[in-house]
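Contents: one structure, followed by commentary.
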Amino acid sequence: MQHLLEWQVATVRAIRTETPNVKTLTLGMPNWTPHRAGQHVVVRLPDHEGHHAQRSYSIASEPERTGEIDLTVERVDAGAVSPYLHDVLRPGGQIEVRGPFGGWFIWSGQTPALLVGGGSGVVPLMAMVRHWRARGRPVPLHLVVSVREPGDLYYRDELGAGTTVVHTRTAPDGDPRPAARLSADDLRPLLLPGATCYVCGSAGFAEHASQLLVTLGVHPGQVRVERFGPS
């Protein structure tokens with residue numbers, strides 16, 4: 001639709017810290033359009049001497065919320081946009097937004113799903129989890145999150161039953177699983193009959209996780225992958 005291609009001015013309603021270098025921005029959208037879980041928007045900063053810096057960010061909030069969206073943004077020191085979002089933007093501030101976009105890496109909430117995210121790749125998967133909860137958990141769903149250490153975990157207050165956290169460098173005290181890379185043994189007991197698997201993270205993580213799933217017998221057509229790059 002044409003209005004999705006047009007920029008609108010969004011107002012920051014709230015900012016929440018997820019980790020020392022990750023924040024969630026709640027944006028009020030004057031021309032709000034319902035998104036689908038897994039979609040993204042493009043953010044554009046104010047014009048500086050004729051140049052606009054822009055980046056794509058996955059939507060973290062569920063489609064059932066109206067009038068606003070959540071964007072969870074990791075600060076990248078050399079980034080063109082994320083330092084501004086972290087260091088300059090405050091509640092009441094404004095940025096330009098366009099979208100939502102994306103038609104492949106989306107989940108309707110009607111079929112079983114296994115979600116596998118590495119680091120910031122958990123963001124669009126969290127939109128799927130929130131969508132699933134808002135719909136009353138109608139089908140089986142499980143979320144696997146791979147992080148280097150406990151302090152890197154996003155959304156920790158929302159994660160519980162239905163979530164497996166894999167630590168790759170430092171595991172918390174009492175964790176029965178030693179710190180190690182995501183393995184087939186981690187995923188095997190979580191496979192769901194008829195499920196679509198959604199994998200999101202860095203290029204290396206996405207390749208590794210998707211290959212694990214195929215090795216475990218998941219048909220490649222049932223694995224949807226989204227790779228994140230530096231912003």
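Ligands are numbered from 1 in the order shown, chains are lettered A, B, ... in the order of the structure tokens, and residues start at 1 in each chain.
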- request: Might you pull out every residue within 6 Å of range 11-21 of chain A, with only C-alpha atoms counted and same-chain residues fewer than 3 positions away left off, and present them as an MDAnalysis selection string?
  value: chainID A and resid 24:28 74:75 91:94 154
Kindly save the residues from that selection, with N, CA and C atoms included, as a PDB file, in the first residue's frame.
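Output below, filename selection08.pdb:
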```
ATOM      1  N   THR A  24      15.057  -0.394  24.251  1.00  0.00           N
ATOM      2  CA  THR A  24      13.804  -0.518  23.519  1.00  0.00           C
ATOM      3  C   THR A  24      13.112   0.830  23.489  1.00  0.00           C
ATOM      4  N   LEU A  25      12.776   1.296  22.289  1.00  0.00           N
ATOM      5  CA  LEU A  25      12.071   2.560  22.098  1.00  0.00           C
ATOM      6  C   LEU A  25      10.617   2.256  21.768  1.00  0.00           C
ATOM      7  N   THR A  26       9.710   2.859  22.502  1.00  0.00           N
ATOM      8  CA  THR A  26       8.289   2.781  22.164  1.00  0.00           C
ATOM      9  C   THR A  26       7.936   4.025  21.376  1.00  0.00           C
ATOM     10  N   LEU A  27       7.470   3.830  20.139  1.00  0.00           N
ATOM     11  CA  LEU A  27       7.200   4.936  19.229  1.00  0.00           C
ATOM     12  C   LEU A  27       5.712   5.077  18.961  1.00  0.00           C
ATOM     13  N   GLY A  28       5.178   6.244  19.211  1.00  0.00           N
ATOM     14  CA  GLY A  28       3.808   6.539  18.819  1.00  0.00           C
ATOM     15  C   GLY A  28       3.762   6.841  17.340  1.00  0.00           C
ATOM     16  N   GLU A  74      20.395  -2.209  19.379  1.00  0.00           N
ATOM     17  CA  GLU A  74      21.723  -2.363  19.971  1.00  0.00           C
ATOM     18  C   GLU A  74      22.599  -1.199  19.528  1.00  0.00           C
ATOM     19  N   ARG A  75      23.322  -0.611  20.471  1.00  0.00           N
ATOM     20  CA  ARG A  75      24.209   0.503  20.119  1.00  0.00           C
ATOM     21  C   ARG A  75      25.475  -0.029  19.466  1.00  0.00           C
ATOM     22  N   PRO A  91      12.432  10.611  25.522  1.00  0.00           N
ATOM     23  CA  PRO A  91      10.971  10.644  25.426  1.00  0.00           C
ATOM     24  C   PRO A  91      10.481  12.022  24.991  1.00  0.00           C
ATOM     25  N   GLY A  92       9.583  12.029  24.038  1.00  0.00           N
ATOM     26  CA  GLY A  92       9.121  13.277  23.448  1.00  0.00           C
ATOM     27  C   GLY A  92       9.841  13.637  22.166  1.00  0.00           C
ATOM     28  N   GLY A  93      11.002  13.025  21.940  1.00  0.00           N
ATOM     29  CA  GLY A  93      11.738  13.274  20.711  1.00  0.00           C
ATOM     30  C   GLY A  93      11.068  12.600  19.526  1.00  0.00           C
ATOM     31  N   GLN A  94      11.499  12.993  18.339  1.00  0.00           N
ATOM     32  CA  GLN A  94      10.854  12.476  17.130  1.00  0.00           C
ATOM     33  C   GLN A  94      11.879  11.974  16.122  1.00  0.00           C
ATOM     34  N   TYR A 154      18.212 -10.197  26.284  1.00  0.00           N
ATOM     35  CA  TYR A 154      17.135  -9.222  26.132  1.00  0.00           C
ATOM     36  C   TYR A 154      15.865  -9.774  26.785  1.00  0.00           C
TER      37      TYR A 154
END
```
message: If we count only C-alpha atoms and set the cut-off at 8 Å, which residues sit around Pro46 in chain A, ignoring sequence neighbours fewer than 4 positions away in its own chain? Please answer as a PyMOL selection string.
response: chain A and resi 52-53+95-96
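Look at His208 in chain A: the protein and nucleic acid residues within 10 Å of it, using only C-alpha atoms and passing over chain neighbours fewer than 3 places away, are Arg181, Leu182, Ser183, Val199, Ser202, Ala203, Gly204, Phe205, Gln211, Leu212 and Leu213 of chain A.
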Emit the selected residues as a PDB file, in the first residue's frame, including N, CA and C atoms.
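Written file, selection36.pdb:
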```
ATOM      1  N   ARG A 181      28.663 -23.446  22.225  1.00  0.00           N
ATOM      2  CA  ARG A 181      27.904 -23.036  21.051  1.00  0.00           C
ATOM      3  C   ARG A 181      26.626 -23.865  20.946  1.00  0.00           C
ATOM      4  N   LEU A 182      25.595 -23.255  20.363  1.00  0.00           N
ATOM      5  CA  LEU A 182      24.342 -23.951  20.119  1.00  0.00           C
ATOM      6  C   LEU A 182      24.617 -25.259  19.383  1.00  0.00           C
ATOM      7  N   SER A 183      23.999 -26.344  19.847  1.00  0.00           N
ATOM      8  CA  SER A 183      24.269 -27.664  19.276  1.00  0.00           C
ATOM      9  C   SER A 183      22.976 -28.371  18.891  1.00  0.00           C
ATOM     10  N   VAL A 199      14.808 -18.670  12.099  1.00  0.00           N
ATOM     11  CA  VAL A 199      16.167 -18.480  12.601  1.00  0.00           C
ATOM     12  C   VAL A 199      16.600 -17.056  12.299  1.00  0.00           C
ATOM     13  N   SER A 202      23.220 -13.148  13.442  1.00  0.00           N
ATOM     14  CA  SER A 202      24.311 -12.801  12.539  1.00  0.00           C
ATOM     15  C   SER A 202      24.390 -13.839  11.424  1.00  0.00           C
ATOM     16  N   ALA A 203      25.120 -13.521  10.368  1.00  0.00           N
ATOM     17  CA  ALA A 203      25.240 -14.457   9.248  1.00  0.00           C
ATOM     18  C   ALA A 203      25.804 -15.791   9.706  1.00  0.00           C
ATOM     19  N   GLY A 204      26.830 -15.745  10.561  1.00  0.00           N
ATOM     20  CA  GLY A 204      27.427 -16.977  11.049  1.00  0.00           C
ATOM     21  C   GLY A 204      26.480 -17.802  11.889  1.00  0.00           C
ATOM     22  N   PHE A 205      25.769 -17.128  12.801  1.00  0.00           N
ATOM     23  CA  PHE A 205      24.816 -17.843  13.649  1.00  0.00           C
ATOM     24  C   PHE A 205      23.682 -18.426  12.819  1.00  0.00           C
ATOM     25  N   GLN A 211      21.630 -24.980   9.599  1.00  0.00           N
ATOM     26  CA  GLN A 211      22.216 -26.267   9.226  1.00  0.00           C
ATOM     27  C   GLN A 211      21.963 -27.326  10.291  1.00  0.00           C
ATOM     28  N   LEU A 212      21.975 -26.942  11.547  1.00  0.00           N
ATOM     29  CA  LEU A 212      21.651 -27.881  12.619  1.00  0.00           C
ATOM     30  C   LEU A 212      20.233 -28.415  12.440  1.00  0.00           C
ATOM     31  N   LEU A 213      19.311 -27.536  12.137  1.00  0.00           N
ATOM     32  CA  LEU A 213      17.915 -27.948  11.978  1.00  0.00           C
ATOM     33  C   LEU A 213      17.759 -28.920  10.804  1.00  0.00           C
TER      34      LEU A 213
END
```
message: Which residues are near range 106-121 of chain A? Cut-off 6 Å, only C-alpha atoms, ignore same chain within fewer than 4 positions. Put them as a ChimeraX atom specification.
response: /A:37-38,132,139-147,195-201
Counting only C-alpha atoms, which residues of range 78-172 of chain A fall within 9 Å of range 215-231 of chain A, and what is the closest atom pair for each with its distance in Å at one decimal, ordered by chain and rising number, as a tab-separated table?
```
residue	atom	partner	partner_atom	distance
A:Ala78	CA	A:Ser231	CA	8.2
A:Gly79	CA	A:Ser231	CA	5.2
A:Ala80	CA	A:Ser231	CA	6.9
A:Val81	CA	A:Ser231	CA	7.2
A:Ser82	CA	A:Ser231	CA	7.1
A:Trp104	CA	A:Arg224	CA	7.7
A:Phe105	CA	A:Arg224	CA	6.3
A:Ile106	CA	A:Arg224	CA	8.9
A:Ser120	CA	A:Phe228	CA	8.0
A:Gly121	CA	A:Phe228	CA	6.9
```
message: Give me, as a PyMOL selection string, the residues of range 20-125 of chain A that a backbone DSSP run labels strand (DSSP E or B).
response: chain A and resi 22-28+40-44+48+51+54-59+68-74+94-101+113-118
message: Between A:His167, A:Glu207, A:Arg130, A:Glu158, which residue has the minimum interatomic distance to Ala180 in chain A, considering only C-alpha atoms?
response: A:His167
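Take the candidates A:Glu68, A:Asp87, A:Asp173, A:Asp185 and check each one against Asn31 in chain A using only C-alpha atoms; the shortest distance goes to A:Glu68.
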task: Please indicate the distance in Å from CA of His86 in chain A to CA of Lys23 in chain A, rounded to one decimal place.
output: 7.1 Å
query: In Å, with one decimal, what is the gap from CA of Thr170 in chain A to CA of Arg148 in chain A?
result: 6.4 Å
query: Would you give me, as a PyMOL selection string, the residues in range 143-213 of chain A that DSSP reads as alpha helix (DSSP H)?
result: chain A and resi 184-187+203-213
CA of Arg177 in chain A to CA of Ala60 in chain A, straight-line distance in Å: 28.0 Å
